Structure formats: structure tokens, C-alpha cells
>>> print(open('start28.cif').read())   # mmCIF, C-alpha atoms
data_my_file
loop_
_atom_site.group_PDB
_atom_site.id
_atom_site.type_symbol
_atom_site.label_atom_id
_atom_site.label_comp_id
_atom_site.auth_asym_id
_atom_site.auth_seq_id
_atom_site.Cartn_x
_atom_site.Cartn_y
_atom_site.Cartn_z
ATOM 1 C CA MET A 7 -121.885 -60.198 95.483
ATOM 2 C CA ALA A 8 -125.129 -59.951 97.469
ATOM 3 C CA THR A 9 -128.341 -60.229 95.467
ATOM 4 C CA SER A 10 -130.245 -56.982 94.923
ATOM 5 C CA LEU A 11 -134.027 -57.008 95.217
ATOM 6 C CA ASN A 12 -136.759 -54.518 94.368
ATOM 7 C CA TYR A 13 -138.313 -52.308 97.046
ATOM 8 C CA PHE A 14 -140.615 -49.320 97.191
ATOM 9 C CA ALA A 15 -140.766 -46.693 99.913
ATOM 10 C CA VAL A 16 -143.935 -44.709 100.585
ATOM 11 C CA THR A 17 -143.994 -41.124 101.810
ATOM 12 C CA PHE A 18 -146.319 -38.102 101.848
ATOM 13 C CA ARG A 19 -147.233 -36.400 98.591
ATOM 14 C CA GLY A 20 -144.589 -33.815 97.792
ATOM 15 C CA LEU A 21 -141.767 -35.481 99.729
ATOM 16 C CA GLU A 22 -140.727 -37.980 97.051
ATOM 17 C CA ASP A 23 -137.571 -36.070 96.061
ATOM 18 C CA LEU A 24 -136.405 -35.686 99.663
ATOM 19 C CA LEU A 25 -136.934 -39.387 100.312
ATOM 20 C CA ALA A 26 -134.990 -40.185 97.136
ATOM 21 C CA GLU A 27 -132.184 -37.909 98.332
ATOM 22 C CA GLU A 28 -132.031 -39.841 101.606
ATOM 23 C CA LEU A 29 -131.998 -43.193 99.792
ATOM 24 C CA ARG A 30 -129.114 -42.088 97.563
ATOM 25 C CA GLU A 31 -126.950 -41.881 100.682
ATOM 26 C CA PHE A 32 -127.101 -45.690 100.976
ATOM 27 C CA PRO A 33 -124.253 -47.362 99.030
ATOM 28 C CA THR A 34 -126.442 -50.437 98.457
ATOM 29 C CA VAL A 35 -129.306 -48.504 96.822
ATOM 30 C CA SER A 36 -130.002 -47.849 93.149
ATOM 31 C CA ILE A 37 -133.158 -45.783 92.542
ATOM 32 C CA THR A 38 -135.241 -46.930 89.583
ATOM 33 C CA GLN A 39 -138.184 -44.501 89.533
ATOM 34 C CA LEU A 40 -140.246 -41.963 91.451
ATOM 35 C CA GLN A 41 -144.049 -42.077 91.433
ATOM 36 C CA TYR A 42 -146.839 -40.443 93.388
ATOM 37 C CA ARG A 43 -145.926 -40.937 97.086
ATOM 38 C CA ARG A 44 -143.439 -43.701 96.198
ATOM 39 C CA VAL A 45 -139.756 -44.179 95.456
ATOM 40 C CA TYR A 46 -138.761 -47.457 93.788
ATOM 41 C CA PHE A 47 -135.254 -48.812 94.198
ATOM 42 C CA ARG A 48 -133.053 -51.880 94.181
ATOM 43 C CA SER A 49 -130.861 -52.850 97.088
ATOM 44 C CA ALA A 50 -128.934 -55.738 98.540
ATOM 45 C CA TYR A 51 -129.679 -56.652 102.141
ATOM 46 C CA ASP A 52 -129.026 -53.573 104.270
ATOM 47 C CA PRO A 53 -130.370 -53.384 107.854
ATOM 48 C CA GLN A 54 -129.923 -49.597 107.758
ATOM 49 C CA LEU A 55 -132.892 -49.354 105.382
ATOM 50 C CA THR A 56 -135.247 -49.777 108.308
ATOM 51 C CA GLY A 57 -133.941 -46.470 109.693
ATOM 52 C CA LEU A 58 -135.199 -44.321 106.795
ATOM 53 C CA THR A 59 -136.508 -41.082 108.291
ATOM 54 C CA CYS A 60 -138.466 -39.457 105.427
ATOM 55 C CA CYS A 61 -140.270 -42.736 104.786
ATOM 56 C CA ASP A 62 -143.840 -43.459 105.854
ATOM 57 C CA ASP A 63 -143.698 -47.177 105.051
ATOM 58 C CA LEU A 64 -141.236 -49.548 103.342
ATOM 59 C CA PHE A 65 -142.005 -52.616 101.221
ATOM 60 C CA LEU A 66 -140.250 -55.461 99.474
ATOM 61 C CA GLU A 67 -141.757 -55.417 96.000
ATOM 62 C CA LEU A 68 -143.523 -58.644 95.051
ATOM 63 C CA ALA A 69 -145.080 -57.713 91.722
ATOM 64 C CA GLN A 70 -145.871 -54.967 89.241
ATOM 65 C CA TRP A 71 -149.253 -55.355 87.528
ATOM 66 C CA SER A 72 -150.311 -53.549 84.363
ATOM 67 C CA GLY A 73 -153.677 -53.110 82.705
ATOM 68 C CA ILE A 74 -155.534 -52.593 86.001
ATOM 69 C CA THR A 75 -158.431 -50.509 84.683
ATOM 70 C CA ARG A 76 -161.445 -49.059 86.489
ATOM 71 C CA ASP A 77 -163.724 -51.865 85.300
ATOM 72 C CA ARG A 78 -165.087 -54.321 87.897
ATOM 73 C CA ALA A 79 -163.700 -57.226 85.892
ATOM 74 C CA ASN A 80 -160.324 -56.309 87.376
ATOM 75 C CA ILE A 81 -161.385 -57.717 90.745
ATOM 76 C CA SER A 82 -161.313 -61.285 89.422
ATOM 77 C CA ARG A 83 -158.181 -60.460 87.416
ATOM 78 C CA MET A 84 -156.382 -59.339 90.566
ATOM 79 C CA GLN A 85 -157.482 -62.544 92.279
ATOM 80 C CA ASP A 86 -155.688 -64.497 89.552
ATOM 81 C CA LEU A 87 -152.607 -62.259 89.750
ATOM 82 C CA LEU A 88 -152.412 -62.736 93.511
ATOM 83 C CA SER A 89 -152.241 -66.504 93.036
ATOM 84 C CA HIS A 90 -148.898 -66.084 91.248
ATOM 85 C CA ILE A 91 -147.199 -64.187 94.075
ATOM 86 C CA ASN A 92 -144.414 -66.097 95.818
ATOM 87 C CA LEU A 93 -144.796 -65.243 99.503
ATOM 88 C CA THR A 94 -142.408 -67.977 100.644
ATOM 89 C CA ASP A 95 -139.299 -66.377 99.138
ATOM 90 C CA ALA A 96 -140.399 -62.891 100.203
ATOM 91 C CA ILE A 97 -140.924 -63.937 103.814
ATOM 92 C CA SER A 98 -137.554 -65.697 103.801
ATOM 93 C CA HIS A 99 -135.917 -62.425 102.760
ATOM 94 C CA ILE A 100 -137.787 -60.353 105.343
ATOM 95 C CA ARG A 101 -136.670 -62.797 108.050
ATOM 96 C CA GLN A 102 -133.171 -61.382 107.523
ATOM 97 C CA TYR A 103 -134.518 -58.133 108.975
ATOM 98 C CA ARG A 104 -136.785 -59.474 111.732
ATOM 99 C CA PRO A 105 -138.261 -62.691 113.148
ATOM 100 C CA ILE A 106 -141.526 -63.959 111.642
ATOM 101 C CA PRO A 107 -143.344 -67.004 113.100
ATOM 102 C CA ASN A 108 -144.133 -69.994 110.898
ATOM 103 C CA ASP A 109 -147.833 -69.582 111.687
ATOM 104 C CA TYR A 110 -147.698 -65.916 110.693
ATOM 105 C CA THR A 111 -150.691 -63.638 110.215
ATOM 106 C CA ILE A 112 -150.985 -61.161 107.346
ATOM 107 C CA SER A 113 -153.166 -58.121 106.730
ATOM 108 C CA VAL A 114 -153.866 -56.270 103.467
ATOM 109 C CA THR A 115 -153.826 -52.542 102.736
ATOM 110 C CA VAL A 116 -155.145 -51.163 99.438
ATOM 111 C CA ASN A 117 -154.520 -47.640 98.147
ATOM 112 C CA HIS A 118 -155.778 -46.370 94.816
ATOM 113 C CA VAL A 119 -155.578 -42.994 93.115
ATOM 114 C CA GLY A 120 -158.780 -41.852 91.382
ATOM 115 C CA LYS A 121 -162.290 -43.290 91.168
ATOM 116 C CA ARG A 122 -162.902 -46.932 90.275
ATOM 117 C CA ASN A 123 -165.897 -49.201 89.836
ATOM 118 C CA TYR A 124 -164.752 -51.294 92.769
ATOM 119 C CA THR A 125 -163.677 -50.484 96.296
ATOM 120 C CA SER A 126 -160.572 -51.064 98.372
ATOM 121 C CA ALA A 127 -162.674 -53.288 100.642
ATOM 122 C CA GLU A 128 -163.555 -55.550 97.706
ATOM 123 C CA ILE A 129 -159.911 -55.945 96.746
ATOM 124 C CA LYS A 130 -159.010 -56.697 100.368
ATOM 125 C CA SER A 131 -161.724 -59.358 100.475
ATOM 126 C CA VAL A 132 -160.329 -61.052 97.352
ATOM 127 C CA ALA A 133 -156.780 -60.881 98.725
ATOM 128 C CA GLY A 134 -157.958 -62.250 102.069
ATOM 129 C CA LEU A 135 -159.394 -65.346 100.378
ATOM 130 C CA HIS A 136 -156.074 -65.966 98.649
ATOM 131 C CA LEU A 137 -154.088 -65.473 101.866
ATOM 132 C CA ALA A 138 -156.291 -67.687 104.065
ATOM 133 C CA PRO A 139 -155.779 -69.104 106.685
ATOM 134 C CA HIS A 140 -153.108 -66.492 107.515
ATOM 135 C CA TYR A 141 -155.252 -63.445 106.743
ATOM 136 C CA ILE A 142 -156.520 -61.117 109.506
ATOM 137 C CA GLU A 143 -158.248 -57.736 109.226
ATOM 138 C CA ASN A 144 -156.365 -55.862 111.931
ATOM 139 C CA ASP A 145 -153.076 -54.535 110.578
ATOM 140 C CA SER A 146 -151.750 -53.619 114.034
ATOM 141 C CA LEU A 147 -152.014 -57.285 115.109
ATOM 142 C CA ALA A 148 -150.621 -58.838 111.930
ATOM 143 C CA ASP A 149 -147.074 -60.171 111.563
ATOM 144 C CA LEU A 150 -146.995 -59.058 107.927
ATOM 145 C CA ASN A 151 -148.766 -56.503 105.749
ATOM 146 C CA LEU A 152 -149.409 -56.859 102.026
ATOM 147 C CA ARG A 153 -149.782 -53.483 100.281
ATOM 148 C CA ILE A 154 -151.517 -53.036 96.903
ATOM 149 C CA PHE A 155 -150.961 -49.534 95.518
ATOM 150 C CA ILE A 156 -152.971 -48.755 92.347
ATOM 151 C CA GLU A 157 -152.357 -45.673 90.221
ATOM 152 C CA GLY A 158 -153.636 -45.302 86.683
ATOM 153 C CA ASP A 159 -153.557 -48.708 85.009
ATOM 154 C CA ALA A 160 -150.640 -50.009 87.107
ATOM 155 C CA ALA A 161 -150.386 -51.586 90.538
ATOM 156 C CA SER A 162 -147.464 -52.224 92.864
ATOM 157 C CA VAL A 163 -147.672 -55.096 95.320
ATOM 158 C CA GLY A 164 -145.327 -55.277 98.281
ATOM 159 C CA LEU A 165 -144.730 -56.874 101.667
ATOM 160 C CA ARG A 166 -143.883 -54.516 104.538
ATOM 161 C CA LEU A 167 -140.260 -54.904 105.557
ATOM 162 C CA THR A 168 -140.711 -53.839 109.187
ATOM 163 C CA ALA A 169 -143.158 -55.017 111.830
ATOM 164 C CA GLN A 170 -144.873 -51.601 111.929
ATOM 165 C CA PRO A 171 -144.884 -48.646 109.509
ATOM 166 C CA LEU A 172 -141.747 -46.531 109.752
ATOM 167 C CA TYR A 173 -143.716 -43.401 110.673
ATOM 168 C CA ARG A 174 -144.412 -44.961 114.083
ATOM 169 C CA ARG A 175 -141.446 -43.618 116.005
ATOM 170 C CA SER A 176 -140.943 -44.655 119.625
ATOM 171 C CA TYR A 177 -141.523 -41.093 120.803
ATOM 172 C CA THR A 178 -144.955 -40.840 119.125
ATOM 173 C CA THR A 179 -146.378 -43.447 121.491
ATOM 174 C CA ARG A 180 -145.464 -41.278 124.481
ATOM 175 C CA SER A 181 -146.644 -37.892 123.253
ATOM 176 C CA SER A 182 -150.088 -36.391 123.492
ATOM 177 C CA GLY A 183 -152.780 -37.189 120.995
ATOM 178 C CA SER A 184 -153.248 -33.646 119.720
ATOM 179 C CA PRO A 185 -154.684 -33.602 116.187
ATOM 180 C CA ALA A 186 -152.158 -30.877 115.336
ATOM 181 C CA LYS A 187 -149.201 -33.209 115.928
ATOM 182 C CA LEU A 188 -146.719 -33.123 113.034
ATOM 183 C CA LYS A 189 -146.063 -36.401 111.227
ATOM 184 C CA PRO A 190 -142.496 -37.687 111.863
ATOM 185 C CA PRO A 191 -141.561 -38.232 108.176
ATOM 186 C CA VAL A 192 -142.622 -34.641 107.432
ATOM 187 C CA ALA A 193 -140.512 -33.397 110.345
ATOM 188 C CA ALA A 194 -137.546 -35.429 109.068
ATOM 189 C CA ALA A 195 -137.997 -34.016 105.568
ATOM 190 C CA MET A 196 -138.033 -30.459 106.943
ATOM 191 C CA LEU A 197 -134.793 -31.046 108.865
ATOM 192 C CA ARG A 198 -133.226 -32.516 105.736
ATOM 193 C CA MET A 199 -134.409 -29.607 103.590
ATOM 194 C CA ALA A 200 -132.841 -27.178 106.088
ATOM 195 C CA LYS A 201 -129.622 -29.224 105.987
ATOM 196 C CA VAL A 202 -129.455 -29.334 109.771
ATOM 197 C CA THR A 203 -126.220 -30.990 110.867
ATOM 198 C CA ASP A 204 -125.967 -29.749 114.447
ATOM 199 C CA ALA A 205 -128.321 -27.302 116.173
ATOM 200 C CA PHE A 206 -131.675 -25.808 115.246
ATOM 201 C CA VAL A 207 -134.479 -23.817 116.862
ATOM 202 C CA ASP A 208 -138.213 -24.510 116.628
ATOM 203 C CA PRO A 209 -140.148 -21.388 117.728
ATOM 204 C CA PHE A 210 -143.518 -23.239 117.626
ATOM 205 C CA CYS A 211 -142.708 -26.580 119.287
ATOM 206 C CA GLY A 212 -146.247 -27.786 119.907
ATOM 207 C CA ASN A 213 -145.961 -31.477 120.806
ATOM 208 C CA GLY A 214 -142.233 -31.390 120.123
ATOM 209 C CA THR A 215 -142.168 -33.636 117.061
ATOM 210 C CA LEU A 216 -139.376 -31.682 115.350
ATOM 211 C CA LEU A 217 -137.278 -31.704 118.539
ATOM 212 C CA SER A 218 -137.912 -35.430 119.062
ATOM 213 C CA GLU A 219 -137.090 -36.232 115.442
ATOM 214 C CA GLY A 220 -133.921 -34.179 115.696
ATOM 215 C CA LYS A 221 -132.930 -35.971 118.882
ATOM 216 C CA ILE A 222 -133.090 -39.460 117.349
ATOM 217 C CA GLN A 223 -130.949 -38.127 114.491
ATOM 218 C CA GLY A 224 -128.351 -36.817 116.945
ATOM 219 C CA LEU A 225 -129.256 -33.154 116.405
ATOM 220 C CA ASP A 226 -129.372 -30.481 119.092
ATOM 221 C CA GLY A 227 -132.879 -29.039 118.838
ATOM 222 C CA SER A 228 -134.228 -26.363 121.150
ATOM 223 C CA GLY A 229 -137.227 -24.111 121.151
ATOM 224 C CA GLY A 230 -140.397 -23.012 122.803
ATOM 225 C CA ASP A 231 -144.112 -22.552 122.542
ATOM 226 C CA ILE A 232 -146.843 -20.500 124.123
ATOM 227 C CA ILE A 233 -147.731 -23.518 126.319
ATOM 228 C CA GLY A 234 -144.211 -24.349 127.464
ATOM 229 C CA SER A 235 -142.466 -27.473 128.703
ATOM 230 C CA LEU A 236 -143.401 -31.104 128.083
ATOM 231 C CA SER A 237 -142.275 -33.703 130.603
ATOM 232 C CA ARG A 238 -140.047 -35.495 128.074
ATOM 233 C CA LEU A 239 -138.592 -32.374 126.438
ATOM 234 C CA SER A 240 -137.227 -29.070 127.652
ATOM 235 C CA ILE A 241 -139.446 -26.591 125.847
ATOM 236 C CA ALA A 242 -139.335 -22.932 126.841
ATOM 237 C CA GLN A 243 -142.512 -20.936 127.274
ATOM 238 C CA TRP A 244 -142.426 -17.960 124.972
ATOM 239 C CA ASP A 245 -144.375 -15.896 122.490
ATOM 240 C CA ALA A 246 -142.799 -16.194 119.031
ATOM 241 C CA ARG A 247 -143.708 -12.564 118.370
ATOM 242 C CA ALA A 248 -141.042 -11.581 120.950
ATOM 243 C CA LEU A 249 -138.386 -14.297 121.015
ATOM 244 C CA PRO A 250 -135.933 -14.234 123.952
ATOM 245 C CA LEU A 251 -133.037 -14.792 121.542
ATOM 246 C CA ALA A 252 -130.256 -12.422 120.552
ATOM 247 C CA THR A 253 -130.140 -10.971 117.052
ATOM 248 C CA SER A 254 -128.343 -13.026 114.374
ATOM 249 C CA THR A 255 -127.580 -15.979 116.659
ATOM 250 C CA VAL A 256 -129.597 -18.845 115.146
ATOM 251 C CA ASP A 257 -128.111 -20.873 112.293
ATOM 252 C CA ARG A 258 -131.177 -23.015 111.497
ATOM 253 C CA ILE A 259 -134.864 -22.389 112.151
ATOM 254 C CA VAL A 260 -137.254 -25.274 111.438
ATOM 255 C CA SER A 261 -140.882 -24.973 112.484
ATOM 256 C CA ASN A 262 -144.512 -25.868 111.822
ATOM 257 C CA LEU A 263 -146.380 -22.555 112.020
ATOM 258 C CA PRO A 264 -149.925 -22.412 113.474
ATOM 259 C CA TRP A 265 -152.598 -23.309 110.927
ATOM 260 C CA ASP A 266 -155.399 -21.457 112.725
ATOM 261 C CA ILE A 267 -157.488 -24.670 112.661
ATOM 262 C CA GLN A 268 -156.985 -26.958 115.688
ATOM 263 C CA ILE A 269 -154.937 -24.239 117.398
ATOM 264 C CA PRO A 270 -156.583 -20.846 116.713
ATOM 265 C CA ILE A 271 -154.625 -17.624 116.348
ATOM 266 C CA LYS A 272 -156.216 -15.253 118.853
ATOM 267 C CA ALA A 273 -154.770 -12.100 117.316
ATOM 268 C CA GLY A 274 -155.508 -11.150 113.741
ATOM 269 C CA ALA A 275 -153.670 -13.548 111.454
ATOM 270 C CA GLU A 276 -152.105 -10.791 109.345
ATOM 271 C CA ASP A 277 -150.666 -8.946 112.351
ATOM 272 C CA PHE A 278 -149.612 -12.225 113.954
ATOM 273 C CA TYR A 279 -147.597 -13.375 110.938
ATOM 274 C CA ALA A 280 -146.089 -9.917 110.429
ATOM 275 C CA SER A 281 -144.774 -9.933 114.015
ATOM 276 C CA VAL A 282 -143.530 -13.530 113.746
ATOM 277 C CA SER A 283 -141.802 -12.771 110.433
ATOM 278 C CA ARG A 284 -139.881 -9.859 111.958
ATOM 279 C CA GLU A 285 -138.700 -11.987 114.890
ATOM 280 C CA LEU A 286 -137.643 -14.961 112.794
ATOM 281 C CA GLU A 287 -135.707 -12.726 110.438
ATOM 282 C CA ARG A 288 -134.108 -10.885 113.359
ATOM 283 C CA VAL A 289 -132.674 -13.970 115.098
ATOM 284 C CA LEU A 290 -131.519 -15.821 111.954
ATOM 285 C CA ARG A 291 -127.845 -15.490 111.099
ATOM 286 C CA PRO A 292 -126.935 -13.989 107.704
ATOM 287 C CA THR A 293 -125.635 -17.425 106.654
ATOM 288 C CA GLY A 294 -128.573 -19.283 108.184
ATOM 289 C CA LYS A 295 -131.431 -21.259 106.668
ATOM 290 C CA MET A 296 -135.080 -21.332 107.677
ATOM 291 C CA VAL A 297 -137.640 -24.006 106.744
ATOM 292 C CA LEU A 298 -141.274 -23.454 107.676
ATOM 293 C CA LEU A 299 -144.421 -25.516 107.208
ATOM 294 C CA THR A 300 -147.425 -23.248 106.705
ATOM 295 C CA THR A 301 -150.851 -23.092 105.086
ATOM 296 C CA THR A 302 -150.464 -19.341 104.532
ATOM 297 C CA PRO A 303 -146.987 -18.625 103.090
ATOM 298 C CA GLU A 304 -148.336 -15.424 101.556
ATOM 299 C CA MET A 305 -148.721 -13.944 105.066
ATOM 300 C CA LEU A 306 -145.009 -14.218 105.843
ATOM 301 C CA GLN A 307 -143.382 -10.808 105.377
ATOM 302 C CA PHE A 308 -139.593 -10.732 105.247
ATOM 303 C CA SER A 309 -137.583 -7.659 104.329
ATOM 304 C CA GLN A 310 -134.306 -9.400 103.472
ATOM 305 C CA LEU A 311 -134.964 -13.135 103.352
ATOM 306 C CA ARG A 312 -135.818 -14.716 100.023
ATOM 307 C CA GLU A 313 -137.713 -17.879 99.225
ATOM 308 C CA VAL A 314 -135.357 -20.445 97.687
ATOM 309 C CA ALA A 315 -137.610 -23.524 97.657
ATOM 310 C CA SER A 316 -141.265 -24.385 98.150
ATOM 311 C CA ILE A 317 -142.939 -27.810 98.262
ATOM 312 C CA GLU A 318 -146.675 -28.379 98.477
ATOM 313 C CA ILE A 319 -147.538 -31.473 100.506
ATOM 314 C CA SER A 320 -150.750 -33.230 101.524
ATOM 315 C CA LEU A 321 -151.335 -33.372 105.282
ATOM 316 C CA PHE A 322 -154.434 -33.548 107.521
ATOM 317 C CA GLY A 323 -156.664 -32.995 104.493
ATOM 318 C CA GLN A 324 -154.887 -29.702 103.762
ATOM 319 C CA ARG A 325 -152.306 -28.573 101.181
ATOM 320 C CA PRO A 326 -149.675 -26.744 103.257
ATOM 321 C CA ARG A 327 -146.275 -25.785 101.892
ATOM 322 C CA ILE A 328 -142.767 -26.391 103.190
ATOM 323 C CA VAL A 329 -140.943 -23.172 102.349
ATOM 324 C CA GLN A 330 -137.208 -22.526 102.644
ATOM 325 C CA TYR A 331 -135.794 -19.014 103.158
ATOM 326 C CA GLU A 332 -132.269 -17.634 103.083
ATOM 327 C CA HIS A 333 -130.622 -14.218 102.976
#
>>> encode(input="start28.cif", output="C-alpha cells")
Amino acid sequence: MATSLNYFAVTFRGLEDLLAEELREFPTVSITQLQYRRVYFRSAYDPQLTGLTCCDDLFLELAQWSGITRDRANISRMQDLLSHINLTDAISHIRQYRPIPNDYTISVTVNHVGKRNYTSAEIKSVAGLHLAPHYIENDSLADLNLRIFIEGDAASVGLRLTAQPLYRRSYTTRSSGSPAKLKPPVAAAMLRMAKVTDAFVDPFCGNGTLLSEGKIQGLDGSGGDIIGSLSRLSIAQWDARALPLATSTVDRIVSNLPWDIQIPIKAGAEDFYASVSRELERVLRPTGKMVLLTTTPEMLQFSQLREVASIEISLFGQRPRIVQYEH
């Protein structure tokens, strides 16, 4: 029987349950706990893990530290704890997933929840001394990344399984750099929440992240936007207040509604959302599902659709909600 090791997957706040649902589909995985932005699990070697869609980043767990308080004395304590980490065995395991040179380079990322009497930069400096001569500052140039995630009095330490974070899809490097671009793991979570298995429509395509994410999952996404077609995607030009779609013909609607921040709503927001609500409800089949990401769910006005689920997430410094509607 193959040896199982400890891992933790990182996602956006609010998406932990959806990531756990995705992980449970792997026969090799046994989930151990869910924490803020993280799902911990055990698994034998499984190359399919690197294809997790709701995951922002994936790590082989190296250590769990306790008693990491806010006091500055913890800086020297973490230096001692780092000296007990066995990188050799961890790197040997990760080499099953991808090649790593013998003269590898390694960067450090530190995340902590809440205020402390020391900074992430100070922890990185201590870790860098321990990891010398392999340590480099630039994560994008490093062969490996060591992540230290501190919450409360506990810390998780892991080594990234993949060469780059999982949120970096191939299509994101080819799309425009609009600040309103949806994050791929959020798009994947929305598609999962809507239980899309075949086709879906995105009435507010924007940069096409939902369509691109659907495409790599083998889904048939279509849709439009006020701007229209991108060179890499067939996006119709339409106004979502008057969709060129027949009544009760769409089985799944998945969309990131305008936030009225980077992309302003020229008409009054209340009238805009009232018109959009009527159109979305009109085209959705009676058996259909609709999942929307919005900062203003209270402005959506449906006469027959009911809210069946709502998840607050953290994105772009805002607290939007992913809301699911059905008849």
C-alpha cells in the first residue's frame, strides 16, 4: 500500500467547503480538518492532485507548530523549529510530481491572521538564513516555495507541490490585465456550486474567466458582454437587460455581476439590477440553477426564484457573496 502523507490546500476565504467537496472526489484523499482558507488532508501519491480547480495553492505539509504567540520571542523560536524540518525527504517526494534540480532555489511566503509583534518580513529573514545558500527572495524564480501560515497560536509549514501556484492557469497569462478579472479558483467554485456538468451561460463575461475555466473542465460555456468578443473566446455583444435568448431555455447561469467599482454602472444601480433580474429569471429553465457573484445581492429582485445558498468570500479587498438561486 502506498504511503499517505499530509498536505494542505489553500483557497479563498469562504470557499473551504467547496474545496473540501472537490478533494473528497479523490479516492486517495482523507480530509483531516478545515481551517481558515485551508483544507488539510492525507493522500498517497496522486498526480491528479495538481489539477485541483478550487485550490489557490497546494502544499506538502512539513510541520505543525503550536504555541506561536504574538510575542517577539517567537522569532527565535521559529528559527529553532525551522532547523528541525527535513527538506531532503520532502523534496524527494515532490520530485515524484515534477523535476527539481540538485542546486535548487527556494523562496519563503509567510501569512498570518491578526496582529503580531513581529512582521512577515522578519520571519522570512529568519527562514532565509536557515535555507541558505538555496534561499532567494523572488518566488516566481524559485524552484520551491516554503509557506508558513500562522493563525492563532498555531502554524502550518509546507512546501509547494507544483512549480507555480495552482491559481495560475495557462489562460490567465494570455488574457488582459483588467483589475476586474475574476480569480480562477473562484470561477471554479461557482461552476461547482451550480453543479454544471454540460452547458452554462455567463451574461457578464468580462475577460471570460468563467468561460475559460469551464473550457478546461470540458464544459460548454457561452455568453456575452457589453464589450463583446475576445480574440481567444467567442463572446457575444449584448446588454444583459435585454438578452437575445428565448424564455426558459437556459439550464445553468453562472456569472460575476458588475461591482460598480472598476466597471461603473452607467444607469442607476437599482434600475439596472431590476432589469437584469427580470431577464435572468426569464431565460432560466424551471429546473435550472443560477449562481451569481455580487457585492449587492439585496438589489436582485426575483419574483419566483428563491435563494438556496449564499457564501461570503474575500476578494479584491471586498466581501462579495456567491448566491445560488432556484425555482
>>> closest_residue(input="start28.cif", among="A:Leu167, A:Ile106, A:Ile91, A:Ser72", to="Gln54 (chain A)", atoms="all atoms listed in the file")
A:Leu167
>>> residues_around(input="start28.cif", residues="Leu29 (chain A)", least_positions_apart="3", cutoff="9 Å", atoms="all atoms listed in the file", output="list of chain:residue names")
A:Leu24, A:Leu25, A:Ala26, A:Phe32, A:Pro33, A:Val35, A:Ser36, A:Ile37, A:Val45, A:Phe47, A:Leu55, A:Leu58
>>> atom_distance(input="start28.cif", atom1="CA of Gly214 (chain A)", atom2="CA of Tyr173 (chain A)")
15.4 Å
>>> atom_distance(input="start28.cif", atom1="CA of Asp159 (chain A)", atom2="CA of Asn144 (chain A)")
28.0 Å
>>> closest_residue(input="start28.cif", among="A:Ile222, A:Leu263, A:Ala96, A:Met305", to="Tyr279 (chain A)", atoms="all atoms listed in the file")
A:Met305
>>> decode(input="start28.cif", residues="region 103-115 of chain A", atoms="C-alpha atoms", output="PDB file, in the first residue's frame")
ATOM      1  CA  TYR A 103       5.352  15.215  -9.259  1.00  0.00           C
ATOM      2  CA  ARG A 104       7.939  17.338 -11.086  1.00  0.00           C
ATOM      3  CA  PRO A 105      11.685  17.689 -11.703  1.00  0.00           C
ATOM      4  CA  ILE A 106      13.717  19.708  -9.188  1.00  0.00           C
ATOM      5  CA  PRO A 107      17.438  20.441  -9.759  1.00  0.00           C
ATOM      6  CA  ASN A 108      20.009  19.413  -7.163  1.00  0.00           C
ATOM      7  CA  ASP A 109      21.123  23.039  -6.851  1.00  0.00           C
ATOM      8  CA  TYR A 110      17.535  24.155  -6.276  1.00  0.00           C
ATOM      9  CA  THR A 111      16.442  27.601  -5.138  1.00  0.00           C
ATOM     10  CA  ILE A 112      13.720  28.173  -2.547  1.00  0.00           C
ATOM     11  CA  SER A 113      11.612  31.175  -1.587  1.00  0.00           C
ATOM     12  CA  VAL A 114       9.528  31.760   1.555  1.00  0.00           C
ATOM     13  CA  THR A 115       5.971  33.047   1.903  1.00  0.00           C
TER      14      THR A 115
END
